[in-house]
Every structure is written in C-alpha cells, then in structure tokens.
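Content type compact mmCIF, C-alpha atoms, from the file final-v8.txt:
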# COMPACT_ATOMS: atom_id res chain seq x y z
CA MET A 1 18.12 20.15 -8.53
CA PRO A 2 21.91 20.78 -8.51
CA PRO A 3 22.87 24.41 -9.07
CA GLU A 4 23.89 25.03 -12.67
CA PRO A 5 27.53 25.91 -13.13
CA PRO A 6 27.92 29.60 -13.92
CA ILE A 7 28.65 30.28 -17.58
CA ALA A 8 31.64 32.57 -18.09
CA GLY A 9 30.77 35.97 -19.46
CA LEU A 10 27.03 35.52 -18.99
CA ALA A 11 25.57 37.15 -15.93
CA PRO A 12 22.63 35.03 -14.73
CA ASP A 13 19.28 36.78 -14.76
CA PRO A 14 18.41 38.06 -11.32
CA PRO A 15 15.74 35.79 -9.85
CA PRO A 16 12.38 37.54 -10.12
CA ALA A 17 10.88 38.74 -6.85
CA LEU A 18 8.43 36.19 -5.46
CA PRO A 19 4.85 37.42 -5.24
CA GLY A 20 3.03 38.24 -2.03
CA ARG A 21 -0.39 36.87 -1.15
CA PHE A 22 -2.31 39.67 -2.85
CA ALA A 23 -0.22 39.30 -6.04
CA LEU A 24 -0.94 35.55 -5.99
CA PHE A 25 -4.67 36.20 -5.68
CA VAL A 26 -4.61 38.66 -8.60
CA ALA A 27 -2.43 36.42 -10.79
CA PHE A 28 -4.69 33.38 -10.33
CA ALA A 29 -7.83 35.47 -10.83
CA LYS A 30 -6.43 36.69 -14.16
CA MET A 31 -5.49 33.18 -15.31
CA SER A 32 -8.89 31.90 -14.33
CA LEU A 33 -10.83 34.64 -16.11
CA ALA A 34 -8.72 34.19 -19.26
CA GLY A 35 -9.32 30.45 -19.21
CA PHE A 36 -12.22 29.53 -21.45
CA GLY A 37 -12.26 25.77 -21.80
CA GLY A 38 -9.41 25.11 -19.38
CA VAL A 39 -7.10 27.25 -17.28
CA LEU A 40 -3.90 25.17 -17.49
CA VAL A 41 -2.52 26.81 -20.65
CA PHE A 42 -2.97 30.25 -19.12
CA ALA A 43 -1.45 29.15 -15.82
CA ARG A 44 1.68 27.89 -17.56
CA ARG A 45 1.95 31.09 -19.59
CA ALA A 46 1.59 33.32 -16.52
CA ILE A 47 3.75 31.37 -14.06
CA VAL A 48 6.56 30.31 -16.40
CA ASP A 49 6.64 32.84 -19.26
CA ARG A 50 5.33 36.12 -17.91
CA HIS A 51 6.28 36.17 -14.22
CA ARG A 52 9.09 33.57 -14.29
CA TRP A 53 8.04 32.35 -10.84
CA MET A 54 8.95 28.80 -11.90
CA THR A 55 11.07 27.24 -14.62
CA ALA A 56 9.31 25.05 -17.18
CA ASP A 57 10.73 21.95 -15.48
CA GLU A 58 9.56 23.02 -12.02
CA PHE A 59 6.11 23.72 -13.46
CA ASN A 60 5.92 20.32 -15.16
CA GLU A 61 7.01 18.57 -11.99
CA THR A 62 4.45 20.46 -9.91
CA PHE A 63 1.72 19.76 -12.44
CA ALA A 64 2.60 16.05 -12.56
CA LEU A 65 2.06 15.86 -8.79
CA CYS A 66 -1.28 17.69 -9.11
CA HIS A 67 -2.41 15.48 -11.97
CA PHE A 68 -1.54 12.39 -9.97
CA LEU A 69 -3.65 13.46 -6.98
CA PRO A 70 -7.46 13.31 -7.13
CA GLY A 71 -9.53 16.44 -7.64
CA PRO A 72 -9.58 19.24 -10.21
CA ASN A 73 -5.95 19.48 -11.40
CA ILE A 74 -5.81 23.23 -11.74
CA VAL A 75 -7.26 23.74 -8.25
CA ASN A 76 -4.58 21.41 -6.86
CA LEU A 77 -1.97 23.35 -8.83
CA SER A 78 -3.06 26.67 -7.32
CA VAL A 79 -2.76 25.26 -3.79
CA VAL A 80 0.61 23.56 -4.30
CA PHE A 81 2.08 26.58 -6.09
CA GLY A 82 0.79 28.99 -3.44
CA ALA A 83 2.23 26.79 -0.69
CA ARG A 84 5.68 26.69 -2.32
CA ILE A 85 5.76 30.49 -2.59
CA ARG A 86 4.03 31.71 0.58
CA GLY A 87 2.99 28.74 2.73
CA LEU A 88 -0.59 28.19 3.84
CA GLY A 89 -1.55 31.84 3.30
CA GLY A 90 -0.24 31.65 -0.26
CA SER A 91 -2.28 28.50 -0.88
CA ILE A 92 -5.46 30.13 0.31
CA ALA A 93 -4.81 33.29 -1.72
CA SER A 94 -4.18 31.32 -4.94
CA PHE A 95 -7.18 29.03 -4.36
CA ALA A 96 -9.46 32.02 -3.72
CA GLY A 97 -8.11 33.90 -6.75
CA LEU A 98 -8.69 30.90 -9.01
CA LEU A 99 -12.23 30.15 -7.83
CA ALA A 100 -13.91 33.29 -6.47
CA PRO A 101 -14.23 35.39 -9.67
CA PRO A 102 -15.50 32.56 -11.93
CA PHE A 103 -17.75 31.38 -9.08
CA LEU A 104 -19.43 34.80 -9.07
CA ILE A 105 -19.84 34.71 -12.86
CA VAL A 106 -21.22 31.16 -12.93
CA THR A 107 -23.59 31.88 -10.03
CA THR A 108 -24.88 34.96 -11.88
CA LEU A 109 -25.45 32.85 -14.99
CA ALA A 110 -27.24 30.23 -12.86
CA LEU A 111 -29.51 32.96 -11.49
CA LEU A 112 -30.28 34.19 -15.01
CA TYR A 113 -30.88 30.60 -16.17
CA ALA A 114 -33.31 30.02 -13.30
CA HIS A 115 -35.31 33.07 -14.42
CA TYR A 116 -35.05 32.85 -18.20
CA GLY A 117 -34.21 29.18 -18.80
CA ASP A 118 -37.65 28.52 -20.24
CA VAL A 119 -37.55 31.29 -22.86
CA PRO A 120 -37.74 29.35 -26.16
CA ALA A 121 -34.97 31.32 -27.94
CA LEU A 122 -32.57 30.74 -25.03
CA ARG A 123 -33.52 27.06 -24.82
CA ARG A 124 -32.71 26.62 -28.52
CA ALA A 125 -29.41 28.50 -28.28
CA LEU A 126 -28.28 26.59 -25.16
CA ASN A 127 -29.17 23.29 -26.81
CA GLY A 128 -26.96 24.23 -29.76
CA VAL A 129 -24.12 25.20 -27.40
CA SER A 130 -24.36 21.95 -25.48
CA CYS A 131 -24.27 19.87 -28.69
CA ALA A 132 -21.10 21.72 -29.76
CA ALA A 133 -19.62 21.42 -26.25
CA VAL A 134 -20.08 17.64 -26.32
CA GLY A 135 -18.26 17.64 -29.66
CA LEU A 136 -15.34 19.55 -28.08
CA LEU A 137 -15.16 17.01 -25.26
CA LEU A 138 -15.09 14.15 -27.78
CA ALA A 139 -12.27 15.87 -29.66
CA VAL A 140 -10.17 16.30 -26.49
CA THR A 141 -10.79 12.65 -25.60
CA TRP A 142 -9.74 11.57 -29.09
CA ARG A 143 -6.52 13.60 -28.91
CA MET A 144 -5.62 12.05 -25.56
CA MET A 145 -6.40 8.58 -26.88
CA LEU A 146 -4.17 8.86 -29.98
CA PRO A 147 -0.83 8.07 -28.26
CA LEU A 148 -2.35 4.92 -26.72
CA LEU A 149 -3.71 3.85 -30.11
CA LYS A 150 -0.34 4.47 -31.79
CA ARG A 151 1.52 2.44 -29.15
CA ARG A 152 -1.07 -0.37 -29.44
CA ASP A 153 -0.71 -0.78 -25.70
CA PRO A 154 -3.13 -3.70 -25.05
CA VAL A 155 -3.33 -3.21 -21.27
CA ALA A 156 -4.08 0.51 -21.50
CA LEU A 157 -6.67 0.07 -24.26
CA ALA A 158 -8.41 -2.77 -22.42
CA MET A 159 -8.60 -0.70 -19.22
CA LEU A 160 -9.88 2.30 -21.18
CA VAL A 161 -12.67 0.29 -22.82
CA ALA A 162 -13.58 -1.48 -19.57
CA VAL A 163 -13.97 1.80 -17.66
CA PHE A 164 -15.91 3.35 -20.56
CA VAL A 165 -18.37 0.45 -20.65
CA ALA A 166 -18.74 0.22 -16.85
CA VAL A 167 -19.32 3.93 -16.28
CA GLY A 168 -20.68 5.18 -19.62
CA VAL A 169 -22.85 2.27 -20.81
CA LEU A 170 -23.71 0.31 -17.65
CA ARG A 171 -23.76 3.52 -15.55
CA TRP A 172 -22.07 1.87 -12.60
CA PRO A 173 -20.99 4.16 -9.72
CA LEU A 174 -17.56 5.72 -10.23
CA PRO A 175 -16.07 5.03 -6.75
CA GLN A 176 -16.70 1.28 -6.96
CA VAL A 177 -15.45 1.07 -10.55
CA LEU A 178 -12.25 2.94 -9.69
CA LEU A 179 -11.62 0.96 -6.50
CA ALA A 180 -11.49 -2.12 -8.74
CA ALA A 181 -9.89 -0.56 -11.82
CA ILE A 182 -7.02 1.38 -10.19
CA PRO A 183 -5.30 -1.61 -8.48
CA LEU A 184 -5.95 -3.76 -11.57
CA SER A 185 -4.46 -1.18 -13.93
CA ILE A 186 -1.42 -0.60 -11.70
CA ALA A 187 -0.77 -4.35 -11.41
CA ALA A 188 -1.18 -4.91 -15.15
CA THR A 189 1.05 -1.95 -16.04
CA TRP A 190 3.71 -3.16 -13.60
CA LEU A 191 3.64 -6.71 -15.01
CA MET A 192 3.85 -5.44 -18.61
CA ARG A 193 6.84 -3.24 -17.76
CA ARG A 194 8.60 -6.04 -15.93
CA ARG A 195 8.10 -8.32 -18.89
CA GLY A 196 9.25 -5.59 -21.25
CA ALA A 197 12.39 -5.01 -19.18
CA ALA A 198 13.25 -8.72 -18.85
CA MET B 1 -36.40 21.82 -0.42
CA THR B 2 -33.61 24.06 0.73
CA GLY B 3 -32.48 23.35 4.23
CA ILE B 4 -29.51 22.26 6.23
CA GLY B 5 -30.26 18.63 5.32
CA THR B 6 -30.09 19.39 1.58
CA LEU B 7 -26.83 21.32 1.97
CA VAL B 8 -25.33 18.46 3.97
CA SER B 9 -26.29 15.94 1.29
CA ILE B 10 -24.76 18.17 -1.41
CA ALA B 11 -21.56 18.47 0.65
CA LEU B 12 -21.32 14.73 1.27
CA ALA B 13 -22.08 13.76 -2.33
CA PHE B 14 -19.53 16.08 -3.94
CA GLY B 15 -16.91 15.79 -1.20
CA TRP B 16 -16.93 11.99 -1.58
CA LEU B 17 -16.98 12.19 -5.38
CA SER B 18 -14.02 14.61 -5.50
CA LEU B 19 -11.76 11.94 -3.99
CA PHE B 20 -12.40 9.79 -7.07
CA ALA B 21 -11.97 12.57 -9.64
CA VAL B 22 -8.86 11.17 -11.33
CA GLY B 23 -8.01 13.12 -14.46
CA GLY B 24 -9.96 16.24 -13.58
CA ALA B 25 -13.47 17.54 -13.97
CA ALA B 26 -14.29 16.04 -17.38
CA ALA B 27 -13.68 12.55 -16.00
CA ALA B 28 -15.99 13.22 -13.04
CA ILE B 29 -19.01 14.15 -15.19
CA PRO B 30 -20.55 10.62 -15.28
CA GLU B 31 -20.66 10.54 -11.48
CA ILE B 32 -21.90 14.14 -11.21
CA HIS B 33 -24.65 13.15 -13.66
CA ARG B 34 -25.48 10.02 -11.65
CA ILE B 35 -25.70 12.01 -8.42
CA ALA B 36 -27.67 14.95 -9.84
CA VAL B 37 -29.99 13.26 -12.37
CA ASP B 38 -30.31 9.54 -11.61
CA LEU B 39 -30.01 9.29 -7.82
CA ASN B 40 -31.37 12.53 -6.37
CA HIS B 41 -33.46 13.89 -9.29
CA TRP B 42 -31.99 17.32 -8.60
CA MET B 43 -32.18 18.14 -12.32
CA THR B 44 -33.51 16.78 -15.63
CA GLU B 45 -31.33 15.49 -18.48
CA ALA B 46 -31.96 18.74 -20.37
CA GLN B 47 -31.00 20.87 -17.37
CA PHE B 48 -27.82 18.86 -16.94
CA ALA B 49 -26.91 19.38 -20.61
CA ASP B 50 -27.60 23.11 -20.14
CA ALA B 51 -25.39 23.20 -17.04
CA PHE B 52 -22.55 21.63 -19.04
CA ALA B 53 -23.04 24.21 -21.80
CA ILE B 54 -23.04 27.14 -19.34
CA ALA B 55 -19.93 25.81 -17.58
CA GLN B 56 -18.15 25.55 -20.93
CA LEU B 57 -19.20 29.08 -21.88
CA SER B 58 -17.90 30.52 -18.61
CA PRO B 59 -14.28 31.32 -17.84
CA GLY B 60 -12.54 29.43 -15.06
CA PRO B 61 -11.98 25.78 -14.18
CA ASN B 62 -14.42 23.31 -15.78
CA VAL B 63 -15.19 21.92 -12.32
CA LEU B 64 -17.63 24.81 -11.88
CA ILE B 65 -20.37 22.65 -13.44
CA VAL B 66 -20.97 21.54 -9.83
CA THR B 67 -21.67 25.19 -8.94
CA LEU B 68 -24.61 25.08 -11.36
CA VAL B 69 -25.85 21.78 -9.96
CA GLY B 70 -25.63 23.18 -6.43
CA TYR B 71 -27.51 26.33 -7.44
CA GLN B 72 -30.25 24.28 -9.04
CA VAL B 73 -30.76 22.35 -5.79
CA ALA B 74 -30.39 25.00 -3.12
CA GLY B 75 -29.73 28.45 -4.58
CA ILE B 76 -26.63 30.46 -3.77
CA ALA B 77 -25.91 28.48 -0.58
CA GLY B 78 -26.10 25.28 -2.62
CA ALA B 79 -23.75 26.69 -5.27
CA LEU B 80 -21.21 27.63 -2.61
CA VAL B 81 -21.44 24.32 -0.74
CA ALA B 82 -21.14 22.25 -3.94
CA THR B 83 -18.10 24.22 -5.14
CA LEU B 84 -16.30 24.04 -1.80
CA ALA B 85 -17.14 20.35 -1.31
CA MET B 86 -15.74 19.55 -4.74
CA CYS B 87 -12.54 21.58 -4.28
CA VAL B 88 -11.53 21.86 -0.61
CA PRO B 89 -10.95 18.20 0.42
CA THR B 90 -8.67 17.45 -2.52
CA ALA B 91 -6.97 20.86 -2.20
CA ALA B 92 -6.19 20.04 1.44
CA LEU B 93 -4.82 16.68 0.34
CA ALA B 94 -2.66 18.30 -2.35
CA TYR B 95 -1.37 20.85 0.18
CA THR B 96 -0.45 18.12 2.66
CA VAL B 97 1.22 15.89 0.09
CA SER B 98 3.22 18.75 -1.41
CA ARG B 99 4.50 19.67 2.07
CA LEU B 100 5.53 16.06 2.73
CA ILE B 101 7.35 15.46 -0.53
CA ASN B 102 9.19 18.30 -2.16
CA ARG B 103 10.06 16.37 -5.27
CA ALA B 104 9.29 13.04 -6.85
CA GLY B 105 12.80 11.63 -6.29
CA ASP B 106 14.02 8.52 -8.08
CA SER B 107 11.21 6.14 -7.20
CA PRO B 108 9.61 4.60 -10.33
CA TRP B 109 6.21 4.33 -8.62
CA PRO B 110 4.76 7.79 -9.31
CA ALA B 111 5.43 7.39 -13.05
CA LEU B 112 4.01 3.87 -13.03
CA VAL B 113 0.84 4.90 -11.20
CA GLN B 114 0.49 7.85 -13.55
CA ALA B 115 0.79 5.56 -16.58
CA ALA B 116 -1.81 3.25 -15.06
CA LEU B 117 -4.25 6.12 -14.37
CA VAL B 118 -4.11 7.76 -17.82
CA PRO B 119 -6.21 5.12 -19.66
CA LEU B 120 -8.75 5.17 -16.82
CA SER B 121 -9.24 8.92 -17.04
CA ILE B 122 -9.54 8.78 -20.86
CA GLY B 123 -12.14 6.00 -20.54
CA LEU B 124 -14.04 8.21 -18.08
CA MET B 125 -13.88 11.18 -20.45
CA ALA B 126 -15.27 9.02 -23.25
CA ALA B 127 -18.05 7.95 -20.86
CA SER B 128 -18.72 11.65 -20.14
CA GLY B 129 -19.05 12.27 -23.86
CA LEU B 130 -21.56 9.42 -24.26
CA ILE B 131 -23.67 10.45 -21.26
CA LEU B 132 -23.73 14.12 -22.31
CA ALA B 133 -24.54 13.16 -25.91
CA PHE B 134 -27.59 11.25 -24.66
CA ALA B 135 -28.60 14.30 -22.60
CA ALA B 136 -27.99 16.94 -25.30
CA ASP B 137 -28.48 15.31 -28.69
CA GLY B 138 -32.22 14.82 -29.17
CA SER B 139 -32.31 14.98 -32.97
CA VAL B 140 -30.37 13.95 -36.05
CA ALA B 141 -29.32 17.57 -36.57
CA ALA B 142 -28.03 17.72 -32.97
CA VAL B 143 -25.92 14.59 -33.48
CA ALA B 144 -24.59 16.03 -36.73
CA LEU B 145 -23.63 19.28 -34.94
CA THR B 146 -21.83 17.34 -32.20
CA LEU B 147 -19.88 15.30 -34.74
CA ALA B 148 -19.06 18.36 -36.86
CA ALA B 149 -17.79 20.23 -33.78
CA ALA B 150 -15.72 17.20 -32.77
CA VAL B 151 -14.10 16.91 -36.19
CA MET B 152 -13.39 20.65 -36.44
CA ALA B 153 -11.92 20.78 -32.93
CA ALA B 154 -9.76 17.71 -33.55
CA ALA B 155 -8.56 18.72 -37.01
CA THR B 156 -8.07 22.49 -36.67
CA SER B 157 -6.59 24.81 -34.08
CA LEU B 158 -9.67 27.03 -34.11
CA ASN B 159 -10.44 28.60 -30.71
CA PRO B 160 -13.09 26.30 -29.20
CA VAL B 161 -15.17 29.30 -28.10
CA TRP B 162 -16.09 29.95 -31.75
CA LEU B 163 -17.45 26.42 -32.10
CA LEU B 164 -19.62 26.98 -29.01
CA VAL B 165 -20.85 30.31 -30.42
CA ALA B 166 -21.56 28.69 -33.81
CA GLY B 167 -23.56 25.96 -32.05
CA GLY B 168 -25.53 28.59 -30.14
CA VAL B 169 -26.34 30.51 -33.33
CA LEU B 170 -27.45 27.36 -35.18
CA GLY B 171 -29.63 26.48 -32.20
CA LEU B 172 -31.11 29.97 -32.02
CA LEU B 173 -31.99 29.81 -35.72
CA GLY B 174 -33.95 26.65 -34.96
CA TRP B 175 -31.77 24.30 -37.01
CA ILE B 176 -30.97 21.90 -34.17
As structure tokens, what does this structure read like?
Amino acid sequence: MPPEPPIAGLAPDPPPALPGRFALFVAFAKMSLAGFGGVLVFARRAIVDRHRWMTADEFNETFALCHFLPGPNIVNLSVVFGARIRGLGGSIASFAGLLAPPFLIVTTLALLYAHYGDVPALRRALNGVSCAAVGLLLAVTWRMMLPLLKRRDPVALAMLVAVFVAVGVLRWPLPQVLLAAIPLSIAATWLMRRRGAA
Amino acid sequence: MTGIGTLVSIALAFGWLSLFAVGGAAAAIPEIHRIAVDLNHWMTEAQFADAFAIAQLSPGPNVLIVTLVGYQVAGIAGALVATLAMCVPTAALAYTVSRLINRAGDSPWPALVQAALVPLSIGLMAASGLILAFAADGSVAAVALTLAAAVMAAATSLNPVWLLVAGGVLGLLGWI
C-alpha cells in the first residue's frame, strides 16, 4: 500500500504499539469467549476498532486470504494475524488463545453430557436447542444465498444445487465431491466471466 | 475402545477432512456426520444433534463440534486429538501461505477462485442444515420450531443465543 500523503494541519495518529505474544494470547482468548455463534465479528471489533492493530482494509485482505484457504476461517485468521505481528511465536500464541479456553469449556460440557446426557429433562431441553440451532443455520445459509438469487447467476446456482444434492441428499463423501466440483466451478466461472467481458 | 489405534484414526479422519473444509466449520458438518455416524458409528444421530447443540451453546469457534465427537470416542485425549487434527494442518498451511505472499497483488485468480468457491460452500451449508434437521427434528413440533427459529433469525436482528434458549425452554416444557 503506498503511504498516504500527509494532510496539512492534521497530525497523524501515532501508530498503536504492536502487542507481544502474551497480549496476543489474551486478546484472542477474549474474542473467542465473547463469540457465541461465530467469533469473526468479535475479532474484527477487537483488532480493527478497539486495538487498531490493523486497518479495516488490512483486516479484510487478511480475512479474504483465510477464507480462501481450507480449514476453519477464524483459526486461519488467528495464525496469519499472529505471524504478521510476531512471527511464528505470535501465531502460536494467537492460535492457543483462540482455542484453549473454549476447548476447556466444551470438554467440560462433554464430560457433563457423558454423565447426565440421559436425564430426561436435559434430553428434552437439548433437543429443543438443537432444533433451534438448525433453524439458525438455515437462516445463515439463506442470507448467504440471497445475493446469488438476486444476481440470477446460473452457474453459481447450478453448482450450489449440485453440491447440496450430492452431499446432503445422496450423502456422497465430501473430498470426492469437492475434487470434482472445485475445478468445474472454477472453469465455469472463468468461462462466464470471459463471455461477459467479451 | 480407547487406544492409540483409535486416536490415530480420529487424527487421520479429521486431519484429512480439514483440508476439504472450504467455507468453514458449518460446511464441514456433512462430512463430520458421515465420519462420526455413518462410517465409524462413533455416535448416534441423536448424539450428533446434541453435539451440534452444545457446540452452538458454547463460546468459541464453531469448529469445536469435533471436540465433542472426539470426546465421545476417546475421552479427553480424543477431544484433544480431534481438535488439533481439525485445526493444525490447515493452520500450518495458512501460516506458510501468508509468509509466501504478503498481499494478493493484481492477479485476478484469487478473486475468481473465491467466486467459484462461494456457491460450493453455501451448497454444503444447506446440506448441513438438511442432515442436522434429519438428526434433530423427530416430530412435527420440532420441524415447526426449526422453521420458526429460521424465520426469526433471518427476519430480525435478535441475538441468536435467545433463540437457542427459547428452544431449550420449549423442549424442557415437553412441547417438542
């Protein structure tokens, strides 16, 4: 990014001090523990708004890279962010901060579930929670689908339906489906864009 | 059935799966379900639905559903191995890639690949919804609750935690 020209009369904010490894661990632990139903929103708020460790553009660019790579996006984000600030040690500190505290909570819940999972009242309550949780997942899926529906993008919609049927209805294995679908989708998207540009 | 062999099979299953987790944890649920319920019989449909519910109720990344699967199979060691297998290989890949390229540059390929991957990950999320609905929704009332939660979450900006709590209360009262 080219340096911005200085604006006369406006002293630029001093760049905030970059965090050490321990501060990275604590910051990611806090984001993680605040994040019910997804940590990304809290990560953006902490990194961009509160600590100003990255600008909004830098954050978006970093997140785009993490979204593009396989694996849990927010875990990738912690590693890439930690590496940019403090190298390998920073990566490990951010990764551990993001995962260790919720891991302890989830493992405790798993232990309780193993002991009390058959108690009828708990069974009923958990069943209600899982029904609602499926509804939340459907709502998120619907929201993500809306832009594709509005654009009436035939290639994207066909790929979406094909993957849904292969994995959701026919229950085919994900690796095989993706090994076929990813090259196909890239080729089709490329052809559509070339035709659109011509 | 806990033993080194079990831990190794957990590590291999989730480590391999993580490489195909495009679009995050929600898109990986069909394959997690296939591994845990269909292939290895590590858990029942009901236990899988419960694991999803507990993961949603807990803070932290949604990927921690694999922690619950791992615990079910092999206790605390299984939970740890499943979590690390799901997160470490792709984290190492992300670390390496981010060291190699500092910024996307002017190449159109990353944006094109991204555009090609988005519909695939949405299709996978829809498949997750279907598979989990089969696991969780055993009655007409359960289906109605799922649909009501979906509509409320899509149409309002209500904090999703309240919808989970409301579902839990309705279940506890025996209405589901």
Exercise. For the point (-29.2, 27.4, -21.0) in the file's frame, write as a ChimeraX atom specification all residues with an atom no more than 12 Å away, counting all atoms listed in the file.
Key: /A:106,109-131 /B:46-58,68,136,168,171-172
Would you write out, as a Markdown table, a table of all residues in region 144-169 of chain B that have an atom no more than 10 Å from an atom of region 22-42 of chain A, listing for each the closest atom pair and the distance in Å to one decimal, considering only C-alpha atoms and ordering rows by chain and rising residue number?
| residue | atom | partner | partner_atom | distance |
| --- | --- | --- | --- | --- |
| B:Asn159 | CA | A:Phe36 | CA | 9.5 |
| B:Pro160 | CA | A:Gly37 | CA | 7.5 |
| B:Val161 | CA | A:Phe36 | CA | 7.3 |
Please produce an output containing C-alpha atoms for each residue in the selection, written as a JSON list (two decimals), in the frame of the given file.
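Printed below is result-v2.json as written:
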[["chain", "number", "residue", "atom", "x", "y", "z"],
["B", 159, "ASN", "CA", -10.44, 28.60, -30.71],
["B", 160, "PRO", "CA", -13.09, 26.30, -29.20],
["B", 161, "VAL", "CA", -15.17, 29.30, -28.10]]
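The protein and nucleic acid residues lying at most 8 Å from region 108-115 of chain B are Phe68, Ile186, Thr189 and Trp190 of chain A, with all atoms listed in the file considered and sequence neighbours fewer than 6 positions away removed.
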For Phe20 (chain B), find every residue with an atom within 9 Å (counting all atoms listed in the file), except residues of its own chain fewer than 3 positions away, and show them as a CSV table (one decimal) with C-alpha atoms, in the frame of the given file.
chain,number,residue,atom,x,y,z
A,70,PRO,CA,-7.5,13.3,-7.1
A,71,GLY,CA,-9.5,16.4,-7.6
A,174,LEU,CA,-17.6,5.7,-10.2
A,175,PRO,CA,-16.1,5.0,-6.8
A,178,LEU,CA,-12.2,2.9,-9.7
A,179,LEU,CA,-11.6,1.0,-6.5
B,16,TRP,CA,-16.9,12.0,-1.6
B,17,LEU,CA,-17.0,12.2,-5.4
B,28,ALA,CA,-16.0,13.2,-13.0
Quiz item: Looking at B:Ala82, B:Val22, B:Met152, B:Ile10, which one is nearest to chain A, with distances taken over all atoms listed in the file?
Solution: B:Val22
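Of the residues under consideration (B:Ser139, B:Ser128, B:Thr96, B:Ser157), B:Ser128 shows the shortest atom-to-atom contact distance to Leu138 (chain A) when counting only C-alpha atoms.
Across A:Cys66, A:Thr107, A:Arg86, A:Phe95, the tightest approach to Val69 (chain B) is made by A:Thr107 when counting all atoms listed in the file.
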Exercise. May I ask for the distance between CA of Leu170 (chain A) and CA of Val155 (chain A), given in Å to one decimal place?
Key: 21.0 Å
Quiz prompt | CA of Ala92 (chain B) to CA of Ala83 (chain A), straight-line distance in Å | solution = 11.0 Å
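By chain and then residue number, the residues within 8 Å of Ala156 (chain A) are Leu148, Asp153, Met159, Leu160, Ser185 and Thr189 of chain A; Ala116 and Pro119 of chain B, counting only C-alpha atoms and disregarding those fewer than 3 positions away in sequence.
For the atom pair formed by CA of Met144 (chain A) and CA of Ile101 (chain B), the distance is 28.4 Å, given to one decimal.
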Quiz prompt | Gly23 (chain B) environment, 8 Å, only C-alpha atoms, sequence neighbours closer than 4 positions dropped, as a list in words | solution = His67, Phe68, Pro70, Gly71, Pro72 and Asn73 of chain A; Ala27, Leu117, Val118, Ser121 and Ile122 of chain B
Give me the box for region 153-157 of chain A as lines of an AutoDock Vina configuration file, namely the centre and edge lengths in Å to one decimal of a box along x, y and z that holds every listed atom plus 6 Å on each side.
center_x = -3.7
center_y = -1.6
center_z = -23.5
size_x = 18.0
size_y = 16.2
size_z = 16.4
Just the residues within 12 Å of Trp142 (chain A), please, counting all atoms listed in the file, with nothing from its chain fewer than 2 positions along; format it as a PDB file with C-alpha atoms, in the frame of the given file.
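What landed in around-v2.pdb:
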ATOM      1  CA  GLY A 135     -18.260  17.640 -29.660  1.00  0.00           C
ATOM      2  CA  LEU A 136     -15.340  19.550 -28.080  1.00  0.00           C
ATOM      3  CA  LEU A 137     -15.160  17.010 -25.260  1.00  0.00           C
ATOM      4  CA  LEU A 138     -15.090  14.150 -27.780  1.00  0.00           C
ATOM      5  CA  ALA A 139     -12.270  15.870 -29.660  1.00  0.00           C
ATOM      6  CA  VAL A 140     -10.170  16.300 -26.490  1.00  0.00           C
ATOM      7  CA  MET A 144      -5.620  12.050 -25.560  1.00  0.00           C
ATOM      8  CA  MET A 145      -6.400   8.580 -26.880  1.00  0.00           C
ATOM      9  CA  LEU A 146      -4.170   8.860 -29.980  1.00  0.00           C
ATOM     10  CA  PRO A 147      -0.830   8.070 -28.260  1.00  0.00           C
ATOM     11  CA  LEU A 148      -2.350   4.920 -26.720  1.00  0.00           C
ATOM     12  CA  LEU A 149      -3.710   3.850 -30.110  1.00  0.00           C
TER      13      LEU A 149
ATOM     14  CA  PRO B 119      -6.210   5.120 -19.660  1.00  0.00           C
ATOM     15  CA  ILE B 122      -9.540   8.780 -20.860  1.00  0.00           C
ATOM     16  CA  GLY B 123     -12.140   6.000 -20.540  1.00  0.00           C
ATOM     17  CA  MET B 125     -13.880  11.180 -20.450  1.00  0.00           C
ATOM     18  CA  ALA B 126     -15.270   9.020 -23.250  1.00  0.00           C
ATOM     19  CA  GLY B 129     -19.050  12.270 -23.860  1.00  0.00           C
ATOM     20  CA  ALA B 150     -15.720  17.200 -32.770  1.00  0.00           C
ATOM     21  CA  VAL B 151     -14.100  16.910 -36.190  1.00  0.00           C
ATOM     22  CA  ALA B 153     -11.920  20.780 -32.930  1.00  0.00           C
ATOM     23  CA  ALA B 154      -9.760  17.710 -33.550  1.00  0.00           C
ATOM     24  CA  ALA B 155      -8.560  18.720 -37.010  1.00  0.00           C
TER      25      ALA B 155
END
